[in-house]
Structures are given as C-alpha cells and as structure tokens.
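Below is target_25.cif, holding mmCIF, C-alpha atoms.
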data_my_file
#
loop_
_atom_site.label_atom_id
_atom_site.label_comp_id
_atom_site.auth_asym_id
_atom_site.auth_seq_id
_atom_site.Cartn_x
_atom_site.Cartn_y
_atom_site.Cartn_z
CA MET A 25 7.47 -2.52 -11.51
CA THR A 26 6.66 -5.98 -12.86
CA THR A 27 9.43 -8.41 -13.66
CA ASP A 28 7.30 -10.54 -15.94
CA GLY A 29 7.96 -8.81 -19.23
CA GLY A 30 4.29 -7.81 -19.44
CA PRO A 31 2.77 -4.34 -19.08
CA ASP A 32 3.09 -2.51 -15.75
CA ALA A 33 -0.51 -1.33 -16.03
CA TYR A 34 -3.70 -1.77 -18.02
CA GLU A 35 -6.41 0.64 -19.10
CA LEU A 36 -9.47 0.02 -16.94
CA ARG A 37 -12.46 1.44 -18.80
CA VAL A 38 -15.35 3.12 -17.02
CA LEU A 39 -18.45 1.19 -18.19
CA GLY A 40 -21.09 3.02 -16.20
CA HIS A 41 -21.85 4.72 -12.90
CA ILE A 42 -23.70 4.09 -9.66
CA ARG A 43 -26.76 6.25 -9.01
CA SER A 44 -27.49 6.25 -5.30
CA PRO A 45 -29.10 8.33 -2.58
CA LEU A 46 -25.71 8.04 -0.84
CA THR A 47 -23.85 11.19 -1.80
CA LYS A 48 -21.38 11.49 1.06
CA LEU A 49 -18.73 8.94 1.96
CA SER A 50 -19.50 9.62 5.64
CA ASP A 51 -23.07 8.37 5.09
CA ALA A 52 -22.06 5.16 3.33
CA PRO A 53 -22.08 1.89 5.27
CA LYS A 54 -18.85 -0.11 5.09
CA GLN A 55 -20.55 -3.16 3.55
CA GLY A 56 -23.66 -3.71 1.43
CA ASP A 57 -25.32 -5.82 4.10
CA GLU A 58 -25.01 -3.06 6.69
CA GLY A 59 -28.07 -1.08 5.67
CA ALA A 60 -27.00 0.05 2.20
CA PRO A 61 -29.80 1.45 0.02
CA ASP A 62 -30.95 0.18 -3.34
CA ALA A 63 -29.02 1.77 -6.19
CA VAL A 64 -29.10 2.01 -9.98
CA LEU A 65 -26.29 0.88 -12.27
CA GLU A 66 -26.32 3.20 -15.26
CA ILE A 67 -24.42 1.22 -17.87
CA ASP A 68 -22.95 2.90 -20.93
CA ALA A 69 -24.93 2.17 -24.10
CA SER A 70 -21.74 1.03 -25.86
CA VAL A 71 -21.60 -2.07 -23.64
CA GLY A 72 -25.38 -2.46 -23.24
CA PRO A 73 -25.43 -5.82 -25.10
CA ALA A 74 -23.29 -7.27 -22.28
CA LEU A 75 -26.37 -7.05 -20.01
CA ALA A 76 -28.46 -9.44 -22.13
CA GLY A 77 -29.79 -12.26 -19.99
CA LEU A 78 -29.79 -10.46 -16.63
CA ALA A 79 -33.21 -10.51 -14.99
CA PRO A 80 -34.86 -9.59 -11.68
CA GLY A 81 -33.94 -12.14 -9.04
CA ASP A 82 -30.41 -12.71 -10.34
CA GLN A 83 -27.56 -12.31 -7.88
CA ILE A 84 -24.63 -10.40 -9.33
CA VAL A 85 -21.20 -9.17 -8.33
CA VAL A 86 -20.61 -5.55 -9.29
CA ILE A 87 -16.99 -4.36 -9.46
CA THR A 88 -16.53 -0.63 -8.99
CA TRP A 89 -13.60 1.75 -8.97
CA LEU A 90 -13.67 3.44 -5.58
CA HIS A 91 -12.52 6.74 -7.00
CA LEU A 92 -12.33 8.41 -3.59
CA GLY A 93 -9.90 5.77 -2.27
CA ASP A 94 -6.26 6.66 -1.59
CA ARG A 95 -3.97 4.58 -3.82
CA GLU A 96 -0.84 5.23 -1.73
CA THR A 97 -2.20 3.64 1.48
CA LEU A 98 -0.73 0.18 2.18
CA ALA A 99 -1.88 -0.32 5.81
CA VAL A 100 -4.92 0.81 7.81
CA HIS A 101 -6.64 0.36 11.13
CA PRO A 102 -9.49 -2.01 10.14
CA ARG A 103 -12.83 -0.19 9.91
CA GLY A 104 -11.07 2.98 11.03
CA ASP A 105 -10.89 1.65 14.60
CA THR A 106 -7.57 2.92 15.96
CA SER A 107 -7.73 0.39 18.80
CA ARG A 108 -7.11 -2.29 16.14
CA PRO A 109 -3.51 -2.74 14.95
CA LEU A 110 -2.32 -1.42 11.59
CA THR A 111 -3.05 -4.12 9.02
CA GLY A 112 -1.99 -4.45 5.40
CA VAL A 113 -4.82 -3.36 3.09
CA PHE A 114 -4.80 -6.76 1.32
CA ALA A 115 -5.89 -8.28 4.66
CA THR A 116 -8.86 -5.86 4.86
CA ARG A 117 -11.70 -4.49 2.72
CA SER A 118 -10.46 -0.91 2.96
CA PRO A 119 -11.27 1.29 -0.07
CA ASP A 120 -7.77 2.73 0.32
CA ARG A 121 -5.46 0.40 -1.65
CA PRO A 122 -3.18 0.50 -4.73
CA ASN A 123 -6.05 -0.39 -7.10
CA PRO A 124 -9.23 0.75 -5.30
CA LEU A 125 -11.56 -1.90 -6.70
CA GLY A 126 -14.86 -2.40 -4.88
CA LEU A 127 -16.70 -5.75 -4.79
CA HIS A 128 -20.45 -5.65 -4.24
CA ARG A 129 -22.71 -8.67 -4.23
CA CYS A 130 -26.30 -7.61 -4.78
CA GLY A 131 -29.62 -8.72 -6.20
CA VAL A 132 -31.12 -7.46 -9.45
CA LEU A 133 -34.50 -5.83 -8.79
CA VAL A 134 -35.37 -4.13 -12.09
CA VAL A 135 -33.85 -4.19 -15.59
CA ASP A 136 -34.83 -1.17 -17.68
CA GLY A 137 -32.69 -1.04 -20.81
CA THR A 138 -29.18 -0.23 -19.62
CA ARG A 139 -30.36 0.78 -16.10
CA LEU A 140 -30.29 -1.97 -13.48
CA THR A 141 -31.83 -1.36 -10.08
CA VAL A 142 -30.02 -3.47 -7.48
CA SER A 143 -30.46 -4.08 -3.77
CA GLY A 144 -28.06 -3.02 -1.03
CA LEU A 145 -25.07 -1.34 -2.66
CA GLU A 146 -22.86 0.79 -0.40
CA ALA A 147 -20.95 2.85 -3.00
CA VAL A 148 -21.66 6.57 -3.27
CA ASP A 149 -23.44 8.26 -6.16
CA GLY A 150 -21.15 8.66 -9.17
CA THR A 151 -18.87 5.71 -8.38
CA PRO A 152 -17.60 4.20 -11.66
CA VAL A 153 -18.72 0.67 -12.57
CA VAL A 154 -15.99 -1.42 -14.21
CA ASP A 155 -17.47 -4.94 -14.37
CA VAL A 156 -20.60 -6.99 -13.63
CA LYS A 157 -20.64 -10.80 -13.23
CA ILE A 158 -23.31 -13.30 -12.36
CA ALA A 159 -22.70 -14.54 -8.81
CA LEU A 160 -21.69 -18.17 -8.42
CA GLY A 161 -22.81 -20.56 -5.73
CA ASP A 162 -26.50 -19.77 -5.45
CA LEU A 163 -27.05 -19.74 -9.17
CA GLY A 164 -25.01 -22.46 -10.77
CA ASP A 165 -22.41 -22.05 -13.43
CA ARG A 166 -23.63 -19.48 -15.96
CA MET B 8 -17.72 7.33 -23.15
CA THR B 9 -18.87 8.34 -19.68
CA THR B 10 -21.33 11.17 -19.23
CA ASP B 11 -20.43 11.77 -15.61
CA GLY B 12 -17.68 14.31 -16.05
CA GLY B 13 -15.16 11.88 -14.59
CA PRO B 14 -12.36 10.05 -16.38
CA ASP B 15 -13.22 7.51 -19.10
CA ALA B 16 -10.57 5.14 -17.76
CA TYR B 17 -8.21 4.55 -14.86
CA GLU B 18 -4.70 3.15 -14.66
CA LEU B 19 -4.91 -0.35 -13.22
CA ARG B 20 -1.48 -1.21 -11.85
CA VAL B 21 -0.03 -4.71 -12.05
CA LEU B 22 0.84 -5.58 -8.42
CA GLY B 23 2.16 -9.11 -8.96
CA HIS B 24 1.72 -12.29 -10.96
CA ILE B 25 0.30 -15.78 -10.59
CA ARG B 26 2.80 -18.64 -10.63
CA SER B 27 0.99 -21.83 -11.54
CA PRO B 28 1.56 -25.23 -13.12
CA LEU B 29 -1.25 -24.19 -15.51
CA THR B 30 0.51 -22.77 -18.54
CA LYS B 31 -2.10 -23.27 -21.24
CA LEU B 32 -5.58 -21.75 -21.24
CA SER B 33 -6.90 -25.05 -22.62
CA ASP B 34 -5.73 -26.83 -19.45
CA ALA B 35 -7.30 -24.35 -17.03
CA PRO B 36 -10.59 -25.25 -15.34
CA LYS B 37 -13.35 -22.64 -15.68
CA GLN B 38 -13.67 -22.14 -11.91
CA GLY B 39 -11.33 -22.58 -8.96
CA ASP B 40 -13.50 -25.29 -7.40
CA GLU B 41 -13.31 -27.42 -10.55
CA GLY B 42 -9.95 -29.03 -9.85
CA ALA B 43 -7.70 -25.97 -10.03
CA PRO B 44 -4.19 -26.47 -8.64
CA ASP B 45 -2.54 -24.55 -5.84
CA ALA B 46 -0.75 -21.45 -7.07
CA VAL B 47 1.64 -18.79 -5.82
CA LEU B 48 0.90 -15.07 -5.79
CA GLU B 49 4.19 -13.30 -6.38
CA ILE B 50 3.49 -9.81 -5.09
CA ASP B 51 5.68 -6.88 -6.06
CA ALA B 52 7.96 -5.76 -3.23
CA SER B 53 6.72 -2.17 -3.61
CA VAL B 54 3.32 -3.18 -2.23
CA GLY B 55 4.61 -5.91 0.10
CA PRO B 56 3.48 -4.04 3.25
CA ALA B 57 -0.13 -4.44 2.06
CA LEU B 58 0.16 -8.18 2.85
CA ALA B 59 0.78 -7.63 6.58
CA GLY B 60 -1.72 -9.60 8.64
CA LEU B 61 -2.47 -12.35 6.10
CA ALA B 62 -1.83 -15.81 7.50
CA PRO B 63 -2.35 -19.46 6.59
CA GLY B 64 -6.02 -20.38 6.95
CA ASP B 65 -7.31 -16.98 5.78
CA GLN B 66 -9.81 -16.95 2.96
CA ILE B 67 -9.10 -14.26 0.40
CA VAL B 68 -10.47 -12.91 -2.85
CA VAL B 69 -7.79 -12.41 -5.49
CA ILE B 70 -8.59 -10.09 -8.38
CA THR B 71 -6.61 -10.74 -11.54
CA TRP B 72 -6.43 -9.18 -14.98
CA LEU B 73 -7.24 -12.00 -17.41
CA HIS B 74 -4.76 -10.72 -19.98
CA LEU B 75 -5.73 -13.37 -22.55
CA GLY B 76 -9.38 -12.28 -22.50
CA ASP B 77 -10.93 -10.51 -25.51
CA ARG B 78 -12.07 -7.02 -24.51
CA GLU B 79 -14.35 -6.58 -27.53
CA THR B 80 -16.61 -9.56 -26.76
CA LEU B 81 -20.01 -8.54 -25.34
CA ALA B 82 -21.93 -11.84 -25.62
CA VAL B 83 -20.90 -15.51 -25.42
CA HIS B 84 -22.32 -19.01 -25.31
CA PRO B 85 -21.97 -19.78 -21.57
CA ARG B 86 -19.04 -22.14 -20.89
CA GLY B 87 -18.42 -22.31 -24.65
CA ASP B 88 -21.46 -24.57 -25.07
CA THR B 89 -22.98 -23.56 -28.41
CA SER B 90 -26.24 -25.31 -27.50
CA ARG B 91 -26.75 -22.53 -24.93
CA PRO B 92 -28.06 -19.20 -26.25
CA LEU B 93 -25.80 -16.18 -26.69
CA THR B 94 -25.74 -14.34 -23.35
CA GLY B 95 -24.37 -10.93 -22.40
CA VAL B 96 -20.98 -11.31 -20.73
CA PHE B 97 -22.22 -9.46 -17.62
CA ALA B 98 -24.65 -12.38 -17.09
CA THR B 99 -21.74 -14.87 -17.21
CA ARG B 100 -18.26 -15.43 -15.79
CA SER B 101 -16.61 -15.37 -19.21
CA PRO B 102 -13.00 -14.07 -19.23
CA ASP B 103 -13.92 -12.26 -22.46
CA ARG B 104 -15.42 -8.91 -21.36
CA PRO B 105 -14.65 -5.17 -21.65
CA ASN B 106 -12.50 -5.21 -18.48
CA PRO B 107 -11.29 -8.81 -18.12
CA LEU B 108 -11.14 -8.90 -14.32
CA GLY B 109 -10.97 -12.34 -12.71
CA LEU B 110 -12.37 -13.07 -9.22
CA HIS B 111 -10.85 -15.99 -7.34
CA ARG B 112 -11.79 -17.00 -3.82
CA CYS B 113 -9.08 -19.14 -2.31
CA GLY B 114 -7.43 -20.12 0.93
CA VAL B 115 -4.00 -18.97 2.07
CA LEU B 116 -1.70 -21.97 2.61
CA VAL B 117 1.75 -20.40 3.07
CA VAL B 118 3.02 -16.84 3.49
CA ASP B 119 6.71 -16.46 2.62
CA GLY B 120 7.62 -12.77 2.42
CA THR B 121 5.80 -11.45 -0.64
CA ARG B 122 4.99 -14.95 -1.97
CA LEU B 123 1.60 -16.37 -0.97
CA THR B 124 0.76 -19.98 -1.75
CA VAL B 125 -3.02 -20.32 -2.20
CA SER B 126 -5.35 -23.21 -2.85
CA GLY B 127 -7.37 -23.80 -6.01
CA LEU B 128 -6.74 -20.90 -8.38
CA GLU B 129 -7.67 -21.44 -12.03
CA ALA B 130 -5.69 -18.60 -13.69
CA VAL B 131 -2.74 -19.50 -15.90
CA ASP B 132 0.90 -18.85 -15.06
CA GLY B 133 1.84 -15.20 -15.58
CA THR B 134 -1.64 -13.77 -15.03
CA PRO B 135 -1.36 -10.29 -13.48
CA VAL B 136 -2.66 -9.79 -9.92
CA VAL B 137 -4.38 -6.43 -9.38
CA ASP B 138 -5.91 -6.73 -5.89
CA VAL B 139 -6.24 -9.00 -2.85
CA LYS B 140 -8.97 -8.70 -0.21
CA ILE B 141 -9.89 -10.69 2.85
CA ALA B 142 -13.07 -12.67 2.09
CA LEU B 143 -16.20 -11.68 3.99
CA GLY B 144 -18.79 -14.00 5.39
CA ASP B 145 -16.69 -16.76 6.86
CA LEU B 146 -14.28 -14.40 8.52
CA GLY B 147 -16.11 -11.45 9.95
CA ASP B 148 -15.54 -7.86 9.13
CA ARG B 149 -11.80 -7.27 8.80
#
Please lay out the structure from this file as structure tokens.
Amino acid sequence: MTTDGGPDAYELRVLGHIRSPLTKLSDAPKQGDEGAPDAVLEIDASVGPALAGLAPGDQIVVITWLHLGDRETLAVHPRGDTSRPLTGVFATRSPDRPNPLGLHRCGVLVVDGTRLTVSGLEAVDGTPVVDVKIALGDLGDR
Amino acid sequence: MTTDGGPDAYELRVLGHIRSPLTKLSDAPKQGDEGAPDAVLEIDASVGPALAGLAPGDQIVVITWLHLGDRETLAVHPRGDTSRPLTGVFATRSPDRPNPLGLHRCGVLVVDGTRLTVSGLEAVDGTPVVDVKIALGDLGDR
C-alpha cells in the first residue's frame, strides 16, 4: 500500500480500557462536550509508570481505538444527517474510518494508581485506550 | 496484556506519508507552532475518497506514527531538559511512548488530488500518516 519502503502497518498496542456508564453506542453523545459522563481510564499495570506526573486539574488528550467503527467506510453523511452531502471521513469526526482512532480532550479528576477518573468522555465502556498526552495550549509545554 | 477479553493490539494501517524539508530529527521543532515548515500529506490513493470535502482554509488534526520514537520509554525529562524531573510519558508530548502517535493541528493550504499542503507540521520527511480529522472548536461540528 505504501510506496515509501516502510511498513504498511504497525502494531498498535492496547494500553488500557475506558470504564463508563455508557454501554450502548446509541446512548453515546457524538462529542465529549455534548453531555458525556465522567469515565475511568483503566491503564494496564505494565505501562503504569507512564502516568507519573499526572494530577487532578490536568487537561489531557486521550486517544482511543473506536473498536466499533467500520474501517471500510470512506465517506459519510456528517453526524448521520442524510440531508447533509456525503463527505470524506477525513473531513469529519466520524468513528467510521480506516484507522478508527478517537481523540478526547478531558480533565483529570482523580488519580488512583493506574485508574484515572476524567471528565466528559463520550466513548463507550470497554473502548481500548492507546495513548494519553498532556494537552497543550492551556498548560504550557510539558 | 489486556484483561478485557478483547485483542491486545490492532493493525494500524499506514495511509500516507509526510513530505517535508525536515529530514533530520535534530532539525525538527518540538511543536508545530515553534517554527515548523509547511509540509505535504501524500495520501494513498486507496483512501483518497476520504479526503472529499477538505478545502484550503480548513483546520485539521493529522495523526502520525512517529516511527523514530522509542516504544519502550515510559518516563522522560520533559523537552530533553535534564534539570526537569523524570515524568511519565503520558504527562508529556514526548515522541517516545508505547504507541508513538503524533498529533498535529494544522491548516490546509492546497488540495491537489491526494496531496494536501498544510501549514506548520513538525514531523520529519517520511513520517507515516495514520488519520486526518477536521478540527473542532473553530469550525463547528462537521
């Protein structure tokens, strides 16, 4: 697929899971600021040391693997509204896309070992977590 | 590794590559707003239809695979400054992390088929592109 001489794919490791009262996709808001509940990131103990330094009040970006997304979909009606024209998924935030990565900006509420409670995360219970980063902008350059 | 009954890993497909005048990691700024040059996203033709709707002036989030990152690193001195205490990589933006995903917010300058010229992207030439999303906030809910 690639013409760059590099690999065609990489192994994306599951580093933890979302624990959320949202259990059905039909109940989940489309974005975290649209009434999403607080959730817990259950991070695997093997990468627990990567959490060192995170504290309540921090703003983070959580990257998930939206495992219920359809990887073959290349165009959608934005927000499922069929009155809107078909649009390439790269011009949307649809969970259906070749690599169904989810981006979630949220605030850290509680750090309890390898369990982080965060505010307003719209992914359903059991969604794999693949990365966590400090958010930039509000918080400087860490 | 995971205790959720799901897969331990997913196949992250390379969907394109960055073309940039930055060829050495030592020349690359740490963030896109720190003097990064314009770059081209060369998207694979097989996912070209996913670009439909993107236009000059759009703000996007590009997700890359920072292939030069060290996946075994769990803690770093932020920004390589050894006077700063060792910090878990999830509390930083270090490219060294278990899944070395890069997040780059940039503006679309030119769309030419499956080649997108974008402003201020700090990844080096040849970096794999794994996702593109419209940015939220400035641009509504697409």
| query | When the cut-off is 6 Å and we count all atoms listed in the file, which residues of chain B are near chain A, given as a ChimeraX atom specification? | reply | /B:15-21,56-61,81-82,85,94-100,139-141,149
Can I get the selected residues back with C-alpha atoms, as an mmCIF file, in the coordinates of the input?
data_model
loop_
_atom_site.group_PDB
_atom_site.id
_atom_site.type_symbol
_atom_site.label_atom_id
_atom_site.label_comp_id
_atom_site.auth_asym_id
_atom_site.auth_seq_id
_atom_site.Cartn_x
_atom_site.Cartn_y
_atom_site.Cartn_z
ATOM 1 C CA ASP B 15 -13.220 7.510 -19.100
ATOM 2 C CA ALA B 16 -10.570 5.140 -17.760
ATOM 3 C CA TYR B 17 -8.210 4.550 -14.860
ATOM 4 C CA GLU B 18 -4.700 3.150 -14.660
ATOM 5 C CA LEU B 19 -4.910 -0.350 -13.220
ATOM 6 C CA ARG B 20 -1.480 -1.210 -11.850
ATOM 7 C CA VAL B 21 -0.030 -4.710 -12.050
ATOM 8 C CA PRO B 56 3.480 -4.040 3.250
ATOM 9 C CA ALA B 57 -0.130 -4.440 2.060
ATOM 10 C CA LEU B 58 0.160 -8.180 2.850
ATOM 11 C CA ALA B 59 0.780 -7.630 6.580
ATOM 12 C CA GLY B 60 -1.720 -9.600 8.640
ATOM 13 C CA LEU B 61 -2.470 -12.350 6.100
ATOM 14 C CA LEU B 81 -20.010 -8.540 -25.340
ATOM 15 C CA ALA B 82 -21.930 -11.840 -25.620
ATOM 16 C CA PRO B 85 -21.970 -19.780 -21.570
ATOM 17 C CA THR B 94 -25.740 -14.340 -23.350
ATOM 18 C CA GLY B 95 -24.370 -10.930 -22.400
ATOM 19 C CA VAL B 96 -20.980 -11.310 -20.730
ATOM 20 C CA PHE B 97 -22.220 -9.460 -17.620
ATOM 21 C CA ALA B 98 -24.650 -12.380 -17.090
ATOM 22 C CA THR B 99 -21.740 -14.870 -17.210
ATOM 23 C CA ARG B 100 -18.260 -15.430 -15.790
ATOM 24 C CA VAL B 139 -6.240 -9.000 -2.850
ATOM 25 C CA LYS B 140 -8.970 -8.700 -0.210
ATOM 26 C CA ILE B 141 -9.890 -10.690 2.850
ATOM 27 C CA ARG B 149 -11.800 -7.270 8.800
#
| request: Please evaluate the PyMOL selection byres ((chain B and resi 35) around 12) against the structure above and give the resulting residues as a ChimeraX atom specification. | output: /B:27-34,36-44,102,127-132
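Atom CA of B:Asp103 sits 20.7 Å away from atom CA of A:Leu65.
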Pairing the C-alpha atoms in order across the whole chain, superpose chain B onto chain A by least squares and write the result as a JSON list (two decimals) with C-alpha atoms, in the frame of the given file.
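Result went into selection.json, see below:
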[["chain", "number", "residue", "atom", "x", "y", "z"],
["B", 8, "MET", "CA", 7.43, -2.51, -11.52],
["B", 9, "THR", "CA", 6.64, -5.97, -12.85],
["B", 10, "THR", "CA", 9.41, -8.40, -13.65],
["B", 11, "ASP", "CA", 7.29, -10.54, -15.92],
["B", 12, "GLY", "CA", 7.93, -8.81, -19.21],
["B", 13, "GLY", "CA", 4.28, -7.80, -19.43],
["B", 14, "PRO", "CA", 2.78, -4.34, -19.07],
["B", 15, "ASP", "CA", 3.08, -2.51, -15.73],
["B", 16, "ALA", "CA", -0.52, -1.33, -16.02],
["B", 17, "TYR", "CA", -3.71, -1.78, -18.01],
["B", 18, "GLU", "CA", -6.41, 0.63, -19.10],
["B", 19, "LEU", "CA", -9.47, 0.02, -16.95],
["B", 20, "ARG", "CA", -12.46, 1.44, -18.81],
["B", 21, "VAL", "CA", -15.35, 3.12, -17.02],
["B", 22, "LEU", "CA", -18.44, 1.20, -18.21],
["B", 23, "GLY", "CA", -21.10, 3.05, -16.20],
["B", 24, "HIS", "CA", -21.84, 4.74, -12.90],
["B", 25, "ILE", "CA", -23.70, 4.10, -9.67],
["B", 26, "ARG", "CA", -26.76, 6.26, -9.02],
["B", 27, "SER", "CA", -27.49, 6.25, -5.31],
["B", 28, "PRO", "CA", -29.11, 8.34, -2.59],
["B", 29, "LEU", "CA", -25.70, 8.04, -0.85],
["B", 30, "THR", "CA", -23.83, 11.19, -1.80],
["B", 31, "LYS", "CA", -21.37, 11.51, 1.05],
["B", 32, "LEU", "CA", -18.72, 8.94, 1.96],
["B", 33, "SER", "CA", -19.48, 9.62, 5.64],
["B", 34, "ASP", "CA", -23.06, 8.37, 5.10],
["B", 35, "ALA", "CA", -22.07, 5.16, 3.33],
["B", 36, "PRO", "CA", -22.09, 1.89, 5.28],
["B", 37, "LYS", "CA", -18.86, -0.12, 5.10],
["B", 38, "GLN", "CA", -20.56, -3.17, 3.55],
["B", 39, "GLY", "CA", -23.67, -3.69, 1.44],
["B", 40, "ASP", "CA", -25.35, -5.83, 4.11],
["B", 41, "GLU", "CA", -25.03, -3.05, 6.70],
["B", 42, "GLY", "CA", -28.09, -1.07, 5.67],
["B", 43, "ALA", "CA", -27.02, 0.05, 2.20],
["B", 44, "PRO", "CA", -29.81, 1.45, 0.02],
["B", 45, "ASP", "CA", -30.94, 0.19, -3.35],
["B", 46, "ALA", "CA", -29.01, 1.77, -6.20],
["B", 47, "VAL", "CA", -29.10, 2.01, -9.98],
["B", 48, "LEU", "CA", -26.30, 0.88, -12.28],
["B", 49, "GLU", "CA", -26.33, 3.21, -15.26],
["B", 50, "ILE", "CA", -24.43, 1.23, -17.87],
["B", 51, "ASP", "CA", -22.96, 2.90, -20.93],
["B", 52, "ALA", "CA", -24.93, 2.17, -24.09],
["B", 53, "SER", "CA", -21.74, 1.03, -25.85],
["B", 54, "VAL", "CA", -21.61, -2.06, -23.65],
["B", 55, "GLY", "CA", -25.38, -2.46, -23.25],
["B", 56, "PRO", "CA", -25.43, -5.81, -25.10],
["B", 57, "ALA", "CA", -23.30, -7.28, -22.29],
["B", 58, "LEU", "CA", -26.38, -7.05, -20.01],
["B", 59, "ALA", "CA", -28.47, -9.44, -22.13],
["B", 60, "GLY", "CA", -29.79, -12.28, -19.99],
["B", 61, "LEU", "CA", -29.79, -10.48, -16.63],
["B", 62, "ALA", "CA", -33.20, -10.50, -14.99],
["B", 63, "PRO", "CA", -34.86, -9.58, -11.69],
["B", 64, "GLY", "CA", -33.94, -12.13, -9.02],
["B", 65, "ASP", "CA", -30.40, -12.70, -10.33],
["B", 66, "GLN", "CA", -27.56, -12.30, -7.88],
["B", 67, "ILE", "CA", -24.63, -10.41, -9.32],
["B", 68, "VAL", "CA", -21.20, -9.17, -8.33],
["B", 69, "VAL", "CA", -20.60, -5.55, -9.29],
["B", 70, "ILE", "CA", -17.01, -4.35, -9.47],
["B", 71, "THR", "CA", -16.54, -0.63, -8.99],
["B", 72, "TRP", "CA", -13.60, 1.75, -8.99],
["B", 73, "LEU", "CA", -13.68, 3.44, -5.58],
["B", 74, "HIS", "CA", -12.51, 6.75, -7.02],
["B", 75, "LEU", "CA", -12.32, 8.42, -3.59],
["B", 76, "GLY", "CA", -9.90, 5.78, -2.28],
["B", 77, "ASP", "CA", -6.25, 6.66, -1.58],
["B", 78, "ARG", "CA", -3.97, 4.59, -3.83],
["B", 79, "GLU", "CA", -0.85, 5.21, -1.73],
["B", 80, "THR", "CA", -2.21, 3.64, 1.47],
["B", 81, "LEU", "CA", -0.75, 0.18, 2.18],
["B", 82, "ALA", "CA", -1.88, -0.35, 5.80],
["B", 83, "VAL", "CA", -4.92, 0.79, 7.81],
["B", 84, "HIS", "CA", -6.63, 0.34, 11.15],
["B", 85, "PRO", "CA", -9.48, -2.02, 10.15],
["B", 86, "ARG", "CA", -12.82, -0.19, 9.92],
["B", 87, "GLY", "CA", -11.05, 3.00, 11.05],
["B", 88, "ASP", "CA", -10.87, 1.65, 14.62],
["B", 89, "THR", "CA", -7.54, 2.91, 15.97],
["B", 90, "SER", "CA", -7.70, 0.37, 18.81],
["B", 91, "ARG", "CA", -7.10, -2.30, 16.14],
["B", 92, "PRO", "CA", -3.50, -2.75, 14.95],
["B", 93, "LEU", "CA", -2.31, -1.43, 11.60],
["B", 94, "THR", "CA", -3.05, -4.13, 9.01],
["B", 95, "GLY", "CA", -1.99, -4.47, 5.38],
["B", 96, "VAL", "CA", -4.81, -3.37, 3.09],
["B", 97, "PHE", "CA", -4.80, -6.77, 1.33],
["B", 98, "ALA", "CA", -5.90, -8.29, 4.67],
["B", 99, "THR", "CA", -8.85, -5.86, 4.85],
["B", 100, "ARG", "CA", -11.69, -4.49, 2.72],
["B", 101, "SER", "CA", -10.45, -0.91, 2.97],
["B", 102, "PRO", "CA", -11.28, 1.29, -0.07],
["B", 103, "ASP", "CA", -7.77, 2.73, 0.32],
["B", 104, "ARG", "CA", -5.47, 0.38, -1.66],
["B", 105, "PRO", "CA", -3.19, 0.49, -4.72],
["B", 106, "ASN", "CA", -6.07, -0.39, -7.09],
["B", 107, "PRO", "CA", -9.24, 0.75, -5.30],
["B", 108, "LEU", "CA", -11.57, -1.91, -6.70],
["B", 109, "GLY", "CA", -14.87, -2.40, -4.88],
["B", 110, "LEU", "CA", -16.72, -5.76, -4.80],
["B", 111, "HIS", "CA", -20.46, -5.64, -4.23],
["B", 112, "ARG", "CA", -22.73, -8.67, -4.23],
["B", 113, "CYS", "CA", -26.31, -7.62, -4.79],
["B", 114, "GLY", "CA", -29.61, -8.72, -6.21],
["B", 115, "VAL", "CA", -31.13, -7.46, -9.45],
["B", 116, "LEU", "CA", -34.52, -5.84, -8.79],
["B", 117, "VAL", "CA", -35.37, -4.14, -12.10],
["B", 118, "VAL", "CA", -33.85, -4.19, -15.59],
["B", 119, "ASP", "CA", -34.84, -1.16, -17.69],
["B", 120, "GLY", "CA", -32.70, -1.02, -20.83],
["B", 121, "THR", "CA", -29.19, -0.22, -19.63],
["B", 122, "ARG", "CA", -30.36, 0.79, -16.12],
["B", 123, "LEU", "CA", -30.29, -1.96, -13.49],
["B", 124, "THR", "CA", -31.83, -1.35, -10.08],
["B", 125, "VAL", "CA", -30.01, -3.48, -7.48],
["B", 126, "SER", "CA", -30.46, -4.07, -3.79],
["B", 127, "GLY", "CA", -28.06, -3.01, -1.04],
["B", 128, "LEU", "CA", -25.06, -1.35, -2.66],
["B", 129, "GLU", "CA", -22.86, 0.79, -0.40],
["B", 130, "ALA", "CA", -20.95, 2.85, -3.01],
["B", 131, "VAL", "CA", -21.66, 6.57, -3.26],
["B", 132, "ASP", "CA", -23.43, 8.26, -6.15],
["B", 133, "GLY", "CA", -21.15, 8.67, -9.17],
["B", 134, "THR", "CA", -18.88, 5.72, -8.40],
["B", 135, "PRO", "CA", -17.60, 4.20, -11.66],
["B", 136, "VAL", "CA", -18.72, 0.66, -12.57],
["B", 137, "VAL", "CA", -15.99, -1.43, -14.22],
["B", 138, "ASP", "CA", -17.49, -4.94, -14.38],
["B", 139, "VAL", "CA", -20.60, -7.00, -13.64],
["B", 140, "LYS", "CA", -20.64, -10.79, -13.23],
["B", 141, "ILE", "CA", -23.30, -13.31, -12.36],
["B", 142, "ALA", "CA", -22.68, -14.54, -8.79],
["B", 143, "LEU", "CA", -21.64, -18.17, -8.39],
["B", 144, "GLY", "CA", -22.77, -20.53, -5.71],
["B", 145, "ASP", "CA", -26.45, -19.75, -5.45],
["B", 146, "LEU", "CA", -26.98, -19.75, -9.17],
["B", 147, "GLY", "CA", -24.99, -22.49, -10.78],
["B", 148, "ASP", "CA", -22.40, -22.10, -13.43],
["B", 149, "ARG", "CA", -23.58, -19.48, -15.91]]
| request: Do a neighbour search on B:Thr124 at 6 Å with only C-alpha atoms, toss out local chain neighbours closer than 2 positions, and write the hits as number ranges by chain. | output: B: 46-47, 116-117
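Comparing A:Thr88, A:Leu140, A:Gly104, A:Asp94 by their smallest distance to A:His128, the closest is A:Thr88 (using all atoms listed in the file).
Residue membership of the PyMOL selection byres ((chain B and resi 126) around 6) in the shown file amounts to Asp45, Cys113, Gly114, Val125 and Gly127 of chain B.
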Could you extract stretch 19-25 of chain B of the given structure into a file holding N, CA and C atoms, as an mmCIF file, in the first residue's frame?
data_model
loop_
_atom_site.group_PDB
_atom_site.id
_atom_site.type_symbol
_atom_site.label_atom_id
_atom_site.label_comp_id
_atom_site.auth_asym_id
_atom_site.auth_seq_id
_atom_site.Cartn_x
_atom_site.Cartn_y
_atom_site.Cartn_z
ATOM 1 N N LEU B 19 -2.633 -0.990 12.756
ATOM 2 C CA LEU B 19 -2.730 0.416 12.380
ATOM 3 C C LEU B 19 -2.147 0.557 10.979
ATOM 4 N N ARG B 20 -2.999 0.902 10.022
ATOM 5 C CA ARG B 20 -2.554 0.946 8.625
ATOM 6 C C ARG B 20 -1.894 2.281 8.296
ATOM 7 N N VAL B 21 -0.828 2.219 7.543
ATOM 8 C CA VAL B 21 -0.183 3.438 7.031
ATOM 9 C C VAL B 21 -1.014 3.934 5.849
ATOM 10 N N LEU B 22 -1.537 5.170 5.953
ATOM 11 C CA LEU B 22 -2.453 5.703 4.938
ATOM 12 C C LEU B 22 -1.786 6.748 4.053
ATOM 13 N N GLY B 23 -0.544 7.073 4.351
ATOM 14 C CA GLY B 23 0.179 8.080 3.571
ATOM 15 C C GLY B 23 1.444 8.450 4.303
ATOM 16 N N HIS B 24 2.136 9.461 3.775
ATOM 17 C CA HIS B 24 3.395 9.904 4.381
ATOM 18 C C HIS B 24 3.512 11.419 4.333
ATOM 19 N N ILE B 25 4.288 11.949 5.278
ATOM 20 C CA ILE B 25 4.629 13.367 5.295
ATOM 21 C C ILE B 25 5.793 13.612 4.337
#
